[in-house]
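J.: Before I ask anything, let me first share the structure, which is written out below as structure tokens.
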2 protein chains.
Amino acid sequence: MSKQGLAGLGQDGVDDCCPGLLTAPLDEAWSVELAKVFKALGDPIRLRLLSMIASRAGGEVCVCDLTPAFDLSQPTISHHLKLLRQAGLIDCERRGTWVYYWLLPEMTDRLAGILTRPAGRPLPEPAGTAGDA
Amino acid sequence: MSKQGLAGLGQDGVDDCCPGLLTAPLDEAWSVELAKVFKALGDPIRLRLLSMIASRAGGEVCVCDLTPAFDLSQPTISHHLKLLRQAGLIDCERRGTWVYYWLLPEMTDRLAGILTRPAGRPLPEPAGTAGDA
DNA sequence: CGTCAACATAGAAGAATGTCGAAACAAGGG
DNA sequence: CCCTTGTTTCGACATTCTTCTATGTTGACG
């Protein structure tokens with residue numbers, strides 16, 4: 001139930017693979033992987049599910065607590081949870097009758113890093129000409 | 001050409017509206033706004049466009065420099081740029097014959113903040129896998 | 001073993017998205 | 001004024017996504 005992470009973005013501990021979105025043109029293959037994660041975040045239901053899971057004291061939430069919070073059918077919630085899991089943002093485990101989900105903070109940390117520009121270079125504002133060809 | 005920002009996420013300077021995705025359950029209305037931005041990032045072409053624009057020395061890029069980098073028609077690139085602009089991630093200006101795009105770092109900064117959990121609470125790991133392994 | 005409850009999966013309908021070619025718009029140069 | 005080049009907009013089409021109902025799977029309990 002835990003082997004659905006994404007290729008280059010997962011728990012490999014590889015920091016070289018993520019040079020940041022804002023510092024250099026993105027590699028084509030990696031842009032595909034990264035887009036999958038952002039696409040998983042690109043839905044209001046999934047964002048709310050993720051925040052409900054992440055902000056839960058104790059670190060995990062039962063699906064039975066998530067489903068009634070939405071005006072959607074139970075299979076739809078299950079589907080969204082699956083997409084979040086495939087994106088490597090959450091993971092789950094079955095204990096008895098219930099299934100519990102929790103956040104994988106490595107992924108959100110990585111995304112935050114990708115969106116953070118190096119403090120040293122404040123991204124110079126348009127000066128008039130673009131310089132080179 | 002600059003009046004396409006998103007409602008609650010723009011340059012309003014409101015910090016209260018963004019309590020972080022990982023600290024409290026997301027407000028429903030805000031999750032819709034936030035999802036629009038992540039959805040704009042959920043495409044490999046747009047990610048590459050954004051990174052090309054953001055990483056450009058001088059801060060801005062001409063469309064004529066972006067288009068030949070992709071195996072797509074020019075209208076398609078223009079369409080993707082429009083979505084990035086509507087998401088408040090970039091802005092553009094016409095100078096003579098050419099149109100120049102640049103990054104709006106306020107939005108990426110805000111997203112990075114939203115994805116960053118407060119350092120004080122290291123999100124207690126469940127019994128399962130992840131944690132800090 | 002039979003039944004019930006909690007979740008997941010399968011398949012289908014409708015909406016949204018990505019892509020293209022054609023056409024419109026803008027600016028510069030004869 | 002017309003023509004050329006750069007860019008956006010418009011219509012159309014194939015693909016993907018969101019959601020549903022129906023069904024399958026897993027575990028608990030008599």
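Labeling convention for the structure tokens: chains A, B, ... as they appear, residues from 1 per chain, ligands from 1 in order of appearance.
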Tell me as a ChimeraX atom specification which residues belonging to chain A come within 8 Å of chain C, counting only C-alpha atoms (C1' of nucleotides).
T.: /A:64,75,78,97-99
J.: For chain A, work out the contacting residues on chain D at 10 Å, counting only C-alpha atoms (C1' of nucleotides), and write them as a ChimeraX atom specification.
T.: /D:18-21,26-28
J.: I want to know what sits within 10 Å of Asp27 in chain A, based on only C-alpha atoms (C1' of nucleotides), with residues of the same chain fewer than 6 positions away left out; could you give that as a list of chain:residue names?
T.: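 Surrounding residues, per the criterion: A:Cys17, A:Leu21, B:Pro44, B:Leu47, B:Arg48, B:Ser51.
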J.: Residues of chain B within 7 Å of chain A, counting only C-alpha atoms, what are they? List them as a VMD selection string.
T.: chain B and resid 21 to 26 31 to 32 35 to 36 38 to 39 41 to 44 47 to 48 51 to 52 54 to 55 58 to 61 108 to 109 112 115 to 116 123 to 126 130
J.: Take CA of Gln74 in chain B and C1' of DT9 in chain D and report the distance between them in Å, one decimal.
T.: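 Straight-line distance from CA of Gln74 in chain B to C1' of DT9 in chain D works out to 12.2 Å.
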J.: How far is it from CA of Cys62 in chain B to C1' of DT7 in chain D, in Å with one decimal?
T.: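 Computing the Euclidean distance for CA of Cys62 in chain B and C1' of DT7 in chain D yields 10.8 Å.
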J.: Just to confirm, what's the straight-line distance from CA of Val63 in chain A to CA of Ile77 in chain A in Å (one decimal)?
T.: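 That distance, rounded to one decimal, is 8.7 Å.
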